[in-house]
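Shown next: final.cif, containing mmCIF, C-alpha atoms.
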```cif
data_start
#
loop_
_atom_site.group_PDB
_atom_site.id
_atom_site.type_symbol
_atom_site.label_atom_id
_atom_site.label_comp_id
_atom_site.auth_asym_id
_atom_site.auth_seq_id
_atom_site.Cartn_x
_atom_site.Cartn_y
_atom_site.Cartn_z
ATOM 1 C CA MET O 20 0.000 0.000 0.000
ATOM 2 C CA SER O 21 1.241 3.468 -0.829
ATOM 3 C CA LEU O 22 1.269 5.436 2.408
ATOM 4 C CA SER O 23 0.678 9.177 2.495
ATOM 5 C CA THR O 24 3.446 11.273 3.961
ATOM 6 C CA ILE O 25 3.154 13.928 6.625
ATOM 7 C CA GLY O 26 4.077 16.476 3.943
ATOM 8 C CA SER O 27 1.099 15.582 1.745
ATOM 9 C CA PHE O 28 -1.089 15.486 4.836
ATOM 10 C CA ILE O 29 -0.127 19.030 5.788
ATOM 11 C CA GLN O 30 -0.733 20.219 2.246
ATOM 12 C CA ALA O 31 -4.244 18.728 2.318
ATOM 13 C CA VAL O 32 -5.356 20.210 5.654
ATOM 14 C CA ALA O 33 -3.170 23.316 5.980
ATOM 15 C CA GLN O 34 -5.659 25.799 4.560
ATOM 16 C CA ARG O 35 -8.681 24.547 6.500
ATOM 17 C CA LEU O 36 -6.878 24.433 9.860
ATOM 18 C CA GLU O 37 -4.279 27.153 9.128
ATOM 19 C CA ILE O 38 -1.554 24.668 9.998
ATOM 20 C CA SER O 39 2.014 25.926 9.764
ATOM 21 C CA TRP O 40 5.458 24.384 10.227
ATOM 22 C CA VAL O 41 7.315 25.216 13.428
ATOM 23 C CA ALA O 42 10.162 22.701 13.469
ATOM 24 C CA GLY O 43 11.244 19.277 12.238
ATOM 25 C CA ILE O 44 10.750 20.094 8.568
ATOM 26 C CA ASP O 45 13.297 17.385 7.647
ATOM 27 C CA GLY O 46 10.653 14.835 8.645
ATOM 28 C CA SER O 47 8.186 15.851 5.925
ATOM 29 C CA ASP O 48 8.663 12.526 4.109
ATOM 30 C CA LYS O 49 7.691 10.508 7.190
ATOM 31 C CA PRO O 50 4.680 8.228 6.465
ATOM 32 C CA LEU O 51 1.427 8.743 8.321
ATOM 33 C CA LEU O 52 1.410 5.006 9.076
ATOM 34 C CA ASP O 53 4.262 2.630 9.729
ATOM 35 C CA GLU O 54 4.434 -0.227 7.224
ATOM 36 C CA GLU O 55 4.034 -2.849 9.950
ATOM 37 C CA GLU O 56 0.489 -4.165 10.034
ATOM 38 C CA HIS O 57 0.202 -3.666 13.785
ATOM 39 C CA SER O 58 0.407 0.093 13.300
ATOM 40 C CA ARG O 59 -3.166 0.045 12.002
ATOM 41 C CA GLN O 60 -4.236 -0.841 15.548
ATOM 42 C CA GLN O 61 -2.639 2.361 16.803
ATOM 43 C CA THR O 62 -4.832 5.396 17.348
ATOM 44 C CA LEU O 63 -4.054 7.765 14.507
ATOM 45 C CA VAL O 64 -4.710 11.116 16.133
ATOM 46 C CA GLY O 65 -5.567 12.312 19.627
ATOM 47 C CA SER O 66 -4.566 14.401 22.604
ATOM 48 C CA LEU O 67 -1.122 13.823 24.109
ATOM 49 C CA ASN O 68 -0.856 10.199 25.260
ATOM 50 C CA PHE O 69 2.367 8.672 26.591
ATOM 51 C CA ILE O 70 1.006 5.221 27.463
ATOM 52 C CA HIS O 71 -0.597 4.522 24.067
ATOM 53 C CA PRO O 72 1.008 7.125 21.774
ATOM 54 C CA ASN O 73 -1.001 8.465 18.847
ATOM 55 C CA ARG O 74 0.560 8.668 15.405
ATOM 56 C CA ILE O 75 -0.297 12.377 15.492
ATOM 57 C CA GLN O 76 -0.058 13.834 18.986
ATOM 58 C CA LEU O 77 -2.113 16.947 19.766
ATOM 59 C CA ILE O 78 -0.973 19.392 22.422
ATOM 60 C CA GLY O 79 -3.481 21.965 23.645
ATOM 61 C CA HIS O 80 -3.485 24.356 26.608
ATOM 62 C CA ALA O 81 -4.135 21.546 29.111
ATOM 63 C CA GLU O 82 -1.279 19.372 27.845
ATOM 64 C CA LEU O 83 1.160 22.267 27.597
ATOM 65 C CA GLY O 84 0.214 23.391 31.098
ATOM 66 C CA TYR O 85 1.010 19.899 32.372
ATOM 67 C CA LEU O 86 4.429 19.939 30.681
ATOM 68 C CA ASP O 87 5.247 23.430 31.991
ATOM 69 C CA ARG O 88 4.455 22.385 35.568
ATOM 70 C CA LEU O 89 7.001 19.553 35.506
ATOM 71 C CA ALA O 90 10.430 20.029 37.078
ATOM 72 C CA GLY O 91 13.342 20.459 34.681
ATOM 73 C CA ARG O 92 14.695 16.881 34.657
ATOM 74 C CA THR O 93 11.219 15.300 34.805
ATOM 75 C CA ARG O 94 10.076 17.455 31.908
ATOM 76 C CA ALA O 95 13.143 16.524 29.864
ATOM 77 C CA ASP O 96 12.427 12.817 30.445
ATOM 78 C CA THR O 97 8.765 13.332 29.494
ATOM 79 C CA ILE O 98 9.671 15.144 26.290
ATOM 80 C CA ARG O 99 12.159 12.393 25.455
ATOM 81 C CA GLN O 100 9.391 9.831 25.978
ATOM 82 C CA LEU O 101 7.085 11.818 23.684
ATOM 83 C CA PHE O 102 9.524 11.876 20.787
ATOM 84 C CA ILE O 103 11.074 8.441 21.284
ATOM 85 C CA SER O 104 7.695 6.936 20.305
ATOM 86 C CA GLU O 105 8.375 8.383 16.814
ATOM 87 C CA PRO O 106 5.037 10.105 16.167
ATOM 88 C CA ALA O 107 4.297 11.111 12.580
ATOM 89 C CA ALA O 108 3.789 14.672 13.834
ATOM 90 C CA VAL O 109 3.105 16.772 16.919
ATOM 91 C CA ILE O 110 0.540 19.553 16.509
ATOM 92 C CA CYS O 111 0.133 22.403 18.979
ATOM 93 C CA THR O 112 -3.358 23.908 18.903
ATOM 94 C CA ASP O 113 -5.186 26.995 20.188
ATOM 95 C CA GLY O 114 -2.605 29.384 18.686
ATOM 96 C CA MET O 115 -0.467 29.161 21.831
ATOM 97 C CA ASP O 116 3.196 30.064 22.081
ATOM 98 C CA ILE O 117 5.328 26.947 21.567
ATOM 99 C CA PRO O 118 8.118 26.524 24.122
ATOM 100 C CA GLY O 119 11.705 26.150 22.992
ATOM 101 C CA TYR O 120 12.113 22.677 24.501
ATOM 102 C CA LEU O 121 9.483 21.293 22.075
ATOM 103 C CA ILE O 122 11.125 22.999 19.090
ATOM 104 C CA GLU O 123 14.560 21.700 20.072
ATOM 105 C CA ALA O 124 13.302 18.118 20.535
ATOM 106 C CA ALA O 125 11.433 18.188 17.227
ATOM 107 C CA ASN O 126 14.461 19.384 15.284
ATOM 108 C CA SER O 127 16.826 16.878 16.908
ATOM 109 C CA THR O 128 14.511 13.938 16.124
ATOM 110 C CA GLU O 129 13.299 15.265 12.723
ATOM 111 C CA THR O 130 9.724 15.059 13.966
ATOM 112 C CA PRO O 131 7.345 17.535 12.284
ATOM 113 C CA LEU O 132 6.148 20.070 14.847
ATOM 114 C CA LEU O 133 3.140 22.010 13.608
ATOM 115 C CA ALA O 134 0.898 24.760 14.935
ATOM 116 C CA SER O 135 -2.750 25.690 14.392
ATOM 117 C CA PRO O 136 -4.788 28.607 15.784
ATOM 118 C CA GLU O 137 -7.864 26.344 15.931
ATOM 119 C CA ASP O 138 -8.951 24.660 19.174
ATOM 120 C CA ASP O 139 -7.931 21.061 19.753
ATOM 121 C CA GLN O 140 -11.428 19.589 19.242
ATOM 122 C CA ARG O 141 -11.836 21.189 15.811
ATOM 123 C CA VAL O 142 -8.353 20.029 14.815
ATOM 124 C CA LEU O 143 -9.110 16.513 16.066
ATOM 125 C CA ASN O 144 -12.427 16.282 14.171
ATOM 126 C CA ASN O 145 -10.930 17.495 10.897
ATOM 127 C CA LEU O 146 -7.906 15.229 11.106
ATOM 128 C CA GLN O 147 -10.003 12.157 11.902
ATOM 129 C CA TYR O 148 -12.160 12.846 8.840
ATOM 130 C CA TYR O 149 -9.146 13.359 6.583
ATOM 131 C CA LEU O 150 -7.341 10.270 7.815
ATOM 132 C CA SER O 151 -10.415 8.042 7.491
ATOM 133 C CA GLN O 152 -10.623 9.058 3.831
ATOM 134 C CA GLU O 153 -6.922 9.026 3.024
ATOM 135 C CA LEU O 154 -5.957 5.764 4.707
ATOM 136 C CA ALA O 155 -9.096 3.726 4.033
ATOM 137 C CA GLU O 156 -8.836 0.308 2.399
ATOM 138 C CA ARG O 157 -9.447 0.748 -1.340
ATOM 139 C CA GLU O 158 -10.562 -1.256 -4.352
ATOM 140 C CA THR O 159 -11.049 -0.398 -8.025
ATOM 141 C CA MET O 160 -13.998 -2.143 -9.681
ATOM 142 C CA HIS O 161 -15.038 -2.378 -13.315
ATOM 143 C CA GLY O 162 -18.335 -0.699 -14.086
ATOM 144 C CA VAL O 163 -20.119 2.643 -14.082
ATOM 145 C CA PHE O 164 -20.878 4.331 -10.769
ATOM 146 C CA LEU O 165 -23.951 6.565 -10.726
ATOM 147 C CA GLU O 166 -26.262 8.411 -8.407
ATOM 148 C CA VAL O 167 -29.773 7.241 -9.258
ATOM 149 C CA LEU O 168 -32.678 8.672 -7.256
ATOM 150 C CA GLY O 169 -30.209 9.715 -4.582
ATOM 151 C CA ILE O 170 -28.713 6.208 -4.251
ATOM 152 C CA GLY O 171 -25.137 5.248 -5.139
ATOM 153 C CA VAL O 172 -25.435 2.459 -7.734
ATOM 154 C CA LEU O 173 -22.644 0.493 -9.410
ATOM 155 C CA LEU O 174 -23.666 -0.695 -12.872
ATOM 156 C CA SER O 175 -21.683 -3.842 -13.677
ATOM 157 C CA GLY O 176 -21.609 -6.425 -16.456
ATOM 158 C CA MET O 177 -19.470 -7.995 -19.147
ATOM 159 C CA VAL O 178 -17.623 -5.879 -21.704
ATOM 160 C CA ALA O 179 -19.904 -4.471 -24.456
ATOM 161 C CA VAL O 180 -23.106 -5.363 -22.577
ATOM 162 C CA GLY O 181 -24.227 -1.725 -22.776
ATOM 163 C CA LYS O 182 -23.263 -0.213 -19.413
ATOM 164 C CA SER O 183 -22.004 3.129 -20.729
ATOM 165 C CA GLU O 184 -24.956 3.566 -23.112
ATOM 166 C CA LEU O 185 -27.354 2.917 -20.248
ATOM 167 C CA ALA O 186 -25.441 5.301 -18.004
ATOM 168 C CA LEU O 187 -25.612 7.985 -20.682
ATOM 169 C CA GLU O 188 -29.379 7.529 -20.968
ATOM 170 C CA LEU O 189 -29.744 7.786 -17.195
ATOM 171 C CA VAL O 190 -27.720 11.019 -17.153
ATOM 172 C CA ALA O 191 -30.022 12.367 -19.877
ATOM 173 C CA ARG O 192 -32.959 11.481 -17.591
ATOM 174 C CA GLY O 193 -31.554 13.632 -14.791
ATOM 175 C CA HIS O 194 -29.399 11.197 -12.824
ATOM 176 C CA ARG O 195 -25.709 11.837 -12.166
ATOM 177 C CA LEU O 196 -22.439 10.227 -13.233
ATOM 178 C CA ILE O 197 -19.732 9.624 -10.666
ATOM 179 C CA ALA O 198 -17.240 7.435 -12.538
ATOM 180 C CA ASP O 199 -17.086 5.426 -15.744
ATOM 181 C CA ASP O 200 -15.047 2.261 -16.274
ATOM 182 C CA ALA O 201 -12.902 2.230 -13.117
ATOM 183 C CA PRO O 202 -14.576 3.758 -10.039
ATOM 184 C CA GLU O 203 -12.533 3.647 -6.843
ATOM 185 C CA PHE O 204 -14.138 2.470 -3.616
ATOM 186 C CA ALA O 205 -12.911 3.001 -0.058
ATOM 187 C CA ARG O 206 -14.250 1.621 3.196
ATOM 188 C CA ILE O 207 -14.350 4.790 5.274
ATOM 189 C CA ALA O 208 -16.389 3.392 8.183
ATOM 190 C CA PRO O 209 -17.375 -0.060 9.444
ATOM 191 C CA ASP O 210 -20.628 0.026 7.467
ATOM 192 C CA ILE O 211 -19.832 2.514 4.681
ATOM 193 C CA VAL O 212 -18.112 2.055 1.316
ATOM 194 C CA SER O 213 -17.682 5.310 -0.585
ATOM 195 C CA GLY O 214 -17.064 5.495 -4.332
ATOM 196 C CA SER O 215 -15.352 8.212 -6.359
ATOM 197 C CA CYS O 216 -13.688 8.808 -9.702
ATOM 198 C CA PRO O 217 -9.934 8.771 -10.401
ATOM 199 C CA PRO O 218 -8.837 12.317 -11.338
ATOM 200 C CA LEU O 219 -7.797 11.260 -14.853
ATOM 201 C CA LEU O 220 -11.295 9.954 -15.674
ATOM 202 C CA GLN O 221 -13.253 12.751 -14.003
ATOM 203 C CA ASP O 222 -16.258 13.920 -16.126
ATOM 204 C CA PHE O 223 -15.579 11.444 -18.972
ATOM 205 C CA ILE O 224 -17.583 8.504 -20.274
ATOM 206 C CA GLU O 225 -16.673 6.248 -23.197
ATOM 207 C CA VAL O 226 -19.442 5.132 -25.555
ATOM 208 C CA ARG O 227 -18.655 2.807 -28.439
ATOM 209 C CA GLY O 228 -19.067 4.598 -31.734
ATOM 210 C CA LEU O 229 -18.934 8.037 -30.111
ATOM 211 C CA GLY O 230 -15.652 7.726 -28.261
ATOM 212 C CA LEU O 231 -14.894 9.775 -25.165
ATOM 213 C CA LEU O 232 -17.567 12.243 -24.089
ATOM 214 C CA ASN O 233 -17.302 14.986 -21.486
ATOM 215 C CA VAL O 234 -20.534 14.678 -19.504
ATOM 216 C CA ARG O 235 -20.020 17.922 -17.608
ATOM 217 C CA SER O 236 -19.544 19.903 -20.834
ATOM 218 C CA MET O 237 -22.557 18.268 -22.508
ATOM 219 C CA PHE O 238 -25.069 18.164 -19.636
ATOM 220 C CA GLY O 239 -23.754 20.712 -17.133
ATOM 221 C CA ASP O 240 -22.300 20.581 -13.632
ATOM 222 C CA THR O 241 -25.427 19.006 -12.159
ATOM 223 C CA ALA O 242 -24.844 15.854 -14.232
ATOM 224 C CA ILE O 243 -21.686 15.052 -12.227
ATOM 225 C CA LYS O 244 -21.393 13.889 -8.640
ATOM 226 C CA ARG O 245 -17.988 13.806 -6.940
ATOM 227 C CA SER O 246 -18.597 10.814 -4.654
ATOM 228 C CA LYS O 247 -21.362 8.706 -3.152
ATOM 229 C CA TYR O 248 -21.825 5.833 -0.746
ATOM 230 C CA LEU O 249 -22.220 2.503 -2.553
ATOM 231 C CA ARG O 250 -25.626 1.076 -1.653
ATOM 232 C CA LEU O 251 -26.624 -1.131 -4.596
ATOM 233 C CA ILE O 252 -25.051 -3.061 -7.471
ATOM 234 C CA ILE O 253 -27.055 -3.695 -10.638
ATOM 235 C CA HIS O 254 -25.546 -6.370 -12.854
ATOM 236 C CA LEU O 255 -26.477 -6.526 -16.541
ATOM 237 C CA ALA O 256 -26.344 -10.073 -17.912
ATOM 238 C CA ARG O 257 -27.077 -11.728 -21.244
ATOM 239 C CA LEU O 258 -28.861 -14.933 -20.245
ATOM 240 C CA ASP O 259 -29.780 -17.910 -22.409
ATOM 241 C CA ASP O 260 -33.291 -19.382 -22.402
ATOM 242 C CA GLU O 261 -32.393 -21.991 -19.806
ATOM 243 C CA SER O 262 -30.998 -19.399 -17.379
ATOM 244 C CA LEU O 263 -34.019 -17.163 -17.896
ATOM 245 C CA ALA O 264 -36.360 -20.066 -17.192
ATOM 246 C CA LYS O 265 -34.587 -20.741 -13.886
ATOM 247 C CA MET O 266 -35.002 -17.130 -12.695
ATOM 248 C CA ASP O 267 -37.723 -16.786 -10.061
ATOM 249 C CA ARG O 268 -40.439 -14.644 -11.641
ATOM 250 C CA LEU O 269 -41.964 -13.810 -8.263
ATOM 251 C CA THR O 270 -38.932 -12.728 -6.268
ATOM 252 C CA GLY O 271 -36.504 -11.780 -9.055
ATOM 253 C CA SER O 272 -32.735 -12.251 -8.890
ATOM 254 C CA TYR O 273 -31.380 -10.779 -5.659
ATOM 255 C CA SER O 274 -28.072 -11.592 -3.982
ATOM 256 C CA THR O 275 -25.100 -9.736 -2.481
ATOM 257 C CA ARG O 276 -21.535 -8.970 -3.475
ATOM 258 C CA ASN O 277 -18.663 -8.549 -1.056
ATOM 259 C CA VAL O 278 -16.973 -5.173 -1.451
ATOM 260 C CA LEU O 279 -14.133 -4.464 0.972
ATOM 261 C CA GLY O 280 -15.689 -6.769 3.545
ATOM 262 C CA LEU O 281 -19.244 -5.420 3.282
ATOM 263 C CA GLU O 282 -22.111 -7.311 1.665
ATOM 264 C CA ILE O 283 -23.699 -4.973 -0.897
ATOM 265 C CA PRO O 284 -27.152 -5.858 -2.333
ATOM 266 C CA LEU O 285 -26.958 -7.006 -5.965
ATOM 267 C CA VAL O 286 -29.745 -7.217 -8.539
ATOM 268 C CA THR O 287 -29.255 -9.059 -11.840
ATOM 269 C CA ILE O 288 -31.232 -7.670 -14.779
ATOM 270 C CA PRO O 289 -31.317 -9.736 -17.998
ATOM 271 C CA VAL O 290 -30.405 -7.804 -21.139
ATOM 272 C CA ALA O 291 -32.559 -8.476 -24.207
ATOM 273 C CA PRO O 292 -33.634 -6.557 -27.347
ATOM 274 C CA GLY O 293 -36.609 -4.298 -26.752
ATOM 275 C CA ARG O 294 -36.215 -3.981 -22.977
ATOM 276 C CA ASN O 295 -36.200 -0.415 -21.631
ATOM 277 C CA MET O 296 -33.127 -0.768 -19.439
ATOM 278 C CA ALA O 297 -33.265 2.782 -18.039
ATOM 279 C CA ILE O 298 -36.773 2.257 -16.670
ATOM 280 C CA LEU O 299 -35.821 -1.163 -15.358
ATOM 281 C CA MET O 300 -32.798 0.271 -13.542
ATOM 282 C CA GLU O 301 -34.800 3.128 -12.034
ATOM 283 C CA THR O 302 -37.412 0.607 -10.925
ATOM 284 C CA ALA O 303 -34.742 -1.602 -9.362
ATOM 285 C CA VAL O 304 -33.510 1.382 -7.350
ATOM 286 C CA ARG O 305 -37.062 2.296 -6.275
ATOM 287 C CA ASN O 306 -37.612 -1.305 -5.212
ATOM 288 C CA TYR O 307 -34.356 -1.217 -3.221
ATOM 289 C CA ILE O 308 -35.581 1.910 -1.408
ATOM 290 C CA LEU O 309 -38.868 0.156 -0.566
ATOM 291 C CA ARG O 310 -37.005 -2.909 0.695
ATOM 292 C CA GLN O 311 -34.843 -0.725 2.918
ATOM 293 C CA ALA O 312 -38.063 0.719 4.347
ATOM 294 C CA GLY O 313 -39.278 -2.804 5.117
ATOM 295 C CA TYR O 314 -41.620 -3.424 2.186
ATOM 296 C CA ASP O 315 -41.227 -6.507 -0.052
ATOM 297 C CA ALA O 316 -43.657 -6.728 -2.989
ATOM 298 C CA SER O 317 -43.322 -10.519 -3.303
ATOM 299 C CA GLU O 318 -44.132 -11.014 0.379
ATOM 300 C CA ASP O 319 -47.080 -8.639 0.042
ATOM 301 C CA PHE O 320 -48.382 -10.615 -2.943
ATOM 302 C CA VAL O 321 -47.975 -13.971 -1.152
ATOM 303 C CA THR O 322 -49.844 -12.570 1.867
ATOM 304 C CA ARG O 323 -52.696 -11.315 -0.335
ATOM 305 C CA GLN O 324 -52.857 -14.669 -2.088
ATOM 306 C CA ARG O 325 -53.001 -16.539 1.228
ATOM 307 C CA ILE O 326 -55.760 -14.261 2.528
ATOM 308 C CA ALA O 327 -57.740 -14.707 -0.711
ATOM 309 C CA ILE O 328 -57.433 -18.510 -0.466
ATOM 310 C CA GLU O 329 -58.521 -18.443 3.183
ATOM 311 C CA GLU O 330 -61.508 -16.208 2.383
ATOM 312 C CA THR O 331 -62.540 -18.451 -0.542
ATOM 313 C CA ALA O 332 -62.277 -21.531 1.661
ATOM 314 C CA ALA O 333 -64.369 -19.866 4.366
ATOM 315 C CA GLU O 334 -67.069 -18.933 1.872
ATOM 316 C CA GLU O 335 -67.205 -22.505 0.564
ATOM 317 C CA ASP O 336 -67.465 -23.884 4.116
ATOM 318 C CA GLY O 337 -70.212 -21.386 4.890
#
```
Kindly transcribe the structure held in the file into structure tokens.
Amino acid sequence: MSLSTIGSFIQAVAQRLEISWVAGIDGSDKPLLDEEEHSRQQTLVGSLNFIHPNRIQLIGHAELGYLDRLAGRTRADTIRQLFISEPAAVICTDGMDIPGYLIEAANSTETPLLASPEDDQRVLNNLQYYLSQELAERETMHGVFLEVLGIGVLLSGMVAVGKSELALELVARGHRLIADDAPEFARIAPDIVSGSCPPLLQDFIEVRGLGLLNVRSMFGDTAIKRSKYLRLIIHLARLDDESLAKMDRLTGSYSTRNVLGLEIPLVTIPVAPGRNMAILMETAVRNYILRQAGYDASEDFVTRQRIAIEETAAEEDG
């Protein structure tokens, strides 16, 4: 895995948190995570902790006050303990004056020492969000990722099955393109997989016969969505007569697909001449929304059928 460096991290969050370098600039190439797998168990960012050191240690007024109250030798030992744990960076918050002993220790150990005028809680919240995005487990999947009726939907299928043409029709119907061909997915929370588009492919879709098209230029900014949580996969499949005959006409073809450890609902839609695939895909998404709300049309139909049979039997007995 390619690990982000503290230098790229600072570049990403510097403007929002007004972070500036104080000392230890020679450590800008230090990775945010150690390569050892156990480092993933380490807390990435938090207030100063000597027992279970964070990869990024935050020092606010309370922590600095504690350090300043220590006697000279005790404070020197404490500072040595702070930097011997090799944190990726130490960030002083609240715009406070940074004492010389921290600057000296940071320079001698090549540990980035940074400062922000923001309070420690705001810094902590922003860094946790950034790190969850930047260091999340990732996977690139073949298909077209779209926002359909507010739901993140991956359109998958074999090459030349018609994914891009269908995606183009959906965009023309008011839905939004996120990524064509190679969307990137990241597990940013235990129950959330987020999808986005690689920068090189942003705004583009490839349609056979037409080549590359710029969706933003053709349909406007509202036709593009930067990212979306993956909630549903719709798989387009060319099925032979035997496979079609085996498909349950009452319940349809529903299953799941494992994406980065999460089971994502998957619907298989047969592709055949004359089928309006855009309407079928919109309907599949609407049905997914109903299922999430607890309604299942097949169960409703079976219940109605059972009630009708019971009522008919009661009438005959009467």
Selection dump of the PyMOL selection byres ((chain O and resi 115) around 9), as an NGL selection string: :O and (79-80 or 111-114 or 116-117 or 134-136)
Closest of O:Val304, O:Ile110, O:Leu86, O:Ile197 to Phe164 of chain O - atom-to-atom distances counting only C-alpha atoms: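 Residue with the minimum atom-to-atom distance to Phe164 of chain O: O:Ile197.
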Residues in the PyMOL selection byres ((chain O and resi 147) around 12), expressed as a compact mmCIF listing (two decimals) with C-alpha atoms, in the coordinates of the input:
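What follows is the written file selection_26.txt:
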```txt
# COMPACT_ATOMS: atom_id res chain seq x y z
CA PHE O 28 -1.09 15.49 4.84
CA VAL O 32 -5.36 20.21 5.65
CA THR O 62 -4.83 5.40 17.35
CA LEU O 63 -4.05 7.76 14.51
CA VAL O 64 -4.71 11.12 16.13
CA GLY O 65 -5.57 12.31 19.63
CA ASN O 73 -1.00 8.46 18.85
CA ARG O 74 0.56 8.67 15.40
CA ILE O 75 -0.30 12.38 15.49
CA GLN O 140 -11.43 19.59 19.24
CA ARG O 141 -11.84 21.19 15.81
CA VAL O 142 -8.35 20.03 14.82
CA LEU O 143 -9.11 16.51 16.07
CA ASN O 144 -12.43 16.28 14.17
CA ASN O 145 -10.93 17.50 10.90
CA LEU O 146 -7.91 15.23 11.11
CA TYR O 148 -12.16 12.85 8.84
CA TYR O 149 -9.15 13.36 6.58
CA LEU O 150 -7.34 10.27 7.82
CA SER O 151 -10.42 8.04 7.49
CA GLN O 152 -10.62 9.06 3.83
CA GLU O 153 -6.92 9.03 3.02
CA LEU O 154 -5.96 5.76 4.71
CA ALA O 155 -9.10 3.73 4.03
CA ILE O 207 -14.35 4.79 5.27
CA ALA O 208 -16.39 3.39 8.18
```
Residues matched by the PyMOL selection byres ((chain O and resi 225) around 12), written as a PyMOL selection string: chain O and resi 162-163+179+181-187+198-201+220-224+226-234
Å distance separating atom CA of Ser66 of chain O from atom CA of Arg157 of chain O, one decimal place: 28.0 Å
Nearest to Ile283 of chain O by atom-to-atom distance, counting only C-alpha atoms, from O:Leu196, O:Leu263, O:Leu173, O:Ala191: O:Leu173
Between atom CA of Arg94 of chain O and atom CA of His71 of chain O - distance in Å to one decimal: 18.5 Å
Residues within 9 Å of (-18.6, -1.5, -0.4), counting only C-alpha atoms, listed as a list in words: Glu158, Phe204, Ala205, Arg206, Asp210, Ile211, Val212, Ser213, Gly214, Tyr248, Leu249, Arg250, Arg276, Asn277, Val278, Leu279, Gly280, Leu281, Glu282 and Ile283 of chain O
At most 10 Å from (-0.4, 11.2, 4.7), file frame, only C-alpha atoms: which residues, as a PDB file with C-alpha atoms, in the coordinates of the input?
```
ATOM      1  CA  SER O  21       1.241   3.468  -0.829  1.00  0.00           C
ATOM      2  CA  LEU O  22       1.269   5.436   2.408  1.00  0.00           C
ATOM      3  CA  SER O  23       0.678   9.177   2.495  1.00  0.00           C
ATOM      4  CA  THR O  24       3.446  11.273   3.961  1.00  0.00           C
ATOM      5  CA  ILE O  25       3.154  13.928   6.625  1.00  0.00           C
ATOM      6  CA  GLY O  26       4.077  16.476   3.943  1.00  0.00           C
ATOM      7  CA  SER O  27       1.099  15.582   1.745  1.00  0.00           C
ATOM      8  CA  PHE O  28      -1.089  15.486   4.836  1.00  0.00           C
ATOM      9  CA  ILE O  29      -0.127  19.030   5.788  1.00  0.00           C
ATOM     10  CA  GLN O  30      -0.733  20.219   2.246  1.00  0.00           C
ATOM     11  CA  ALA O  31      -4.244  18.728   2.318  1.00  0.00           C
ATOM     12  CA  SER O  47       8.186  15.851   5.925  1.00  0.00           C
ATOM     13  CA  ASP O  48       8.663  12.526   4.109  1.00  0.00           C
ATOM     14  CA  LYS O  49       7.691  10.508   7.190  1.00  0.00           C
ATOM     15  CA  PRO O  50       4.680   8.228   6.465  1.00  0.00           C
ATOM     16  CA  LEU O  51       1.427   8.743   8.321  1.00  0.00           C
ATOM     17  CA  LEU O  52       1.410   5.006   9.076  1.00  0.00           C
ATOM     18  CA  ALA O 107       4.297  11.111  12.580  1.00  0.00           C
ATOM     19  CA  TYR O 149      -9.146  13.359   6.583  1.00  0.00           C
ATOM     20  CA  LEU O 150      -7.341  10.270   7.815  1.00  0.00           C
ATOM     21  CA  GLU O 153      -6.922   9.026   3.024  1.00  0.00           C
ATOM     22  CA  LEU O 154      -5.957   5.764   4.707  1.00  0.00           C
TER      23      LEU O 154
END
```
Interatomic distance, atom CA of Leu189 of chain O to atom CA of Val172 of chain O (Å, one decimal): 11.7 Å
Residues within 12 Å of segment 306-310 of chain O, all atoms listed in the file, excluding chain neighbours under 2 positions, as a PyMOL selection string: chain O and resi 167-172+250-253+270-271+273+283-286+299-304+312-319
Shortest interatomic distance to Asp260 of chain O - which of O:Val321, O:Ala291, O:Thr159, O:Gly84, counting all atoms listed in the file: O:Ala291
Output as JSON the centre and edge lengths (Å, one decimal) of the box along x, y and z of the file that holds every listed atom of segment 312-331 of chain O after adding 5 Å on each side.
```
{"center_x": -50.3, "center_y": -8.9, "center_z": 0.9, "size_x": 34.5, "size_y": 29.2, "size_z": 18.4}
```
Please write N, CA and C atoms of segment 28-36 of chain O, from the structure given just now, as an mmCIF file, in the first residue's frame.
```cif
data_model
loop_
_atom_site.group_PDB
_atom_site.id
_atom_site.type_symbol
_atom_site.label_atom_id
_atom_site.label_comp_id
_atom_site.auth_asym_id
_atom_site.auth_seq_id
_atom_site.Cartn_x
_atom_site.Cartn_y
_atom_site.Cartn_z
ATOM 1 N N PHE O 28 -0.030 15.273 3.857
ATOM 2 C CA PHE O 28 -1.089 15.486 4.836
ATOM 3 C C PHE O 28 -1.219 16.966 5.184
ATOM 4 N N ILE O 29 -0.092 17.615 5.441
ATOM 5 C CA ILE O 29 -0.127 19.030 5.788
ATOM 6 C C ILE O 29 -0.670 19.855 4.627
ATOM 7 N N GLN O 30 -0.264 19.491 3.420
ATOM 8 C CA GLN O 30 -0.733 20.219 2.246
ATOM 9 C C GLN O 30 -2.252 20.111 2.111
ATOM 10 N N ALA O 31 -2.808 18.954 2.470
ATOM 11 C CA ALA O 31 -4.244 18.728 2.318
ATOM 12 C C ALA O 31 -5.074 19.479 3.358
ATOM 13 N N VAL O 32 -4.552 19.626 4.579
ATOM 14 C CA VAL O 32 -5.356 20.210 5.654
ATOM 15 C C VAL O 32 -4.878 21.596 6.083
ATOM 16 N N ALA O 33 -3.778 22.065 5.509
ATOM 17 C CA ALA O 33 -3.170 23.316 5.980
ATOM 18 C C ALA O 33 -4.128 24.498 5.876
ATOM 19 N N GLN O 34 -4.813 24.630 4.755
ATOM 20 C CA GLN O 34 -5.659 25.799 4.560
ATOM 21 C C GLN O 34 -6.853 25.786 5.506
ATOM 22 N N ARG O 35 -7.489 24.617 5.656
ATOM 23 C CA ARG O 35 -8.681 24.547 6.500
ATOM 24 C C ARG O 35 -8.357 24.816 7.966
ATOM 25 N N LEU O 36 -7.230 24.303 8.437
ATOM 26 C CA LEU O 36 -6.878 24.433 9.860
ATOM 27 C C LEU O 36 -5.789 25.465 10.104
#
```
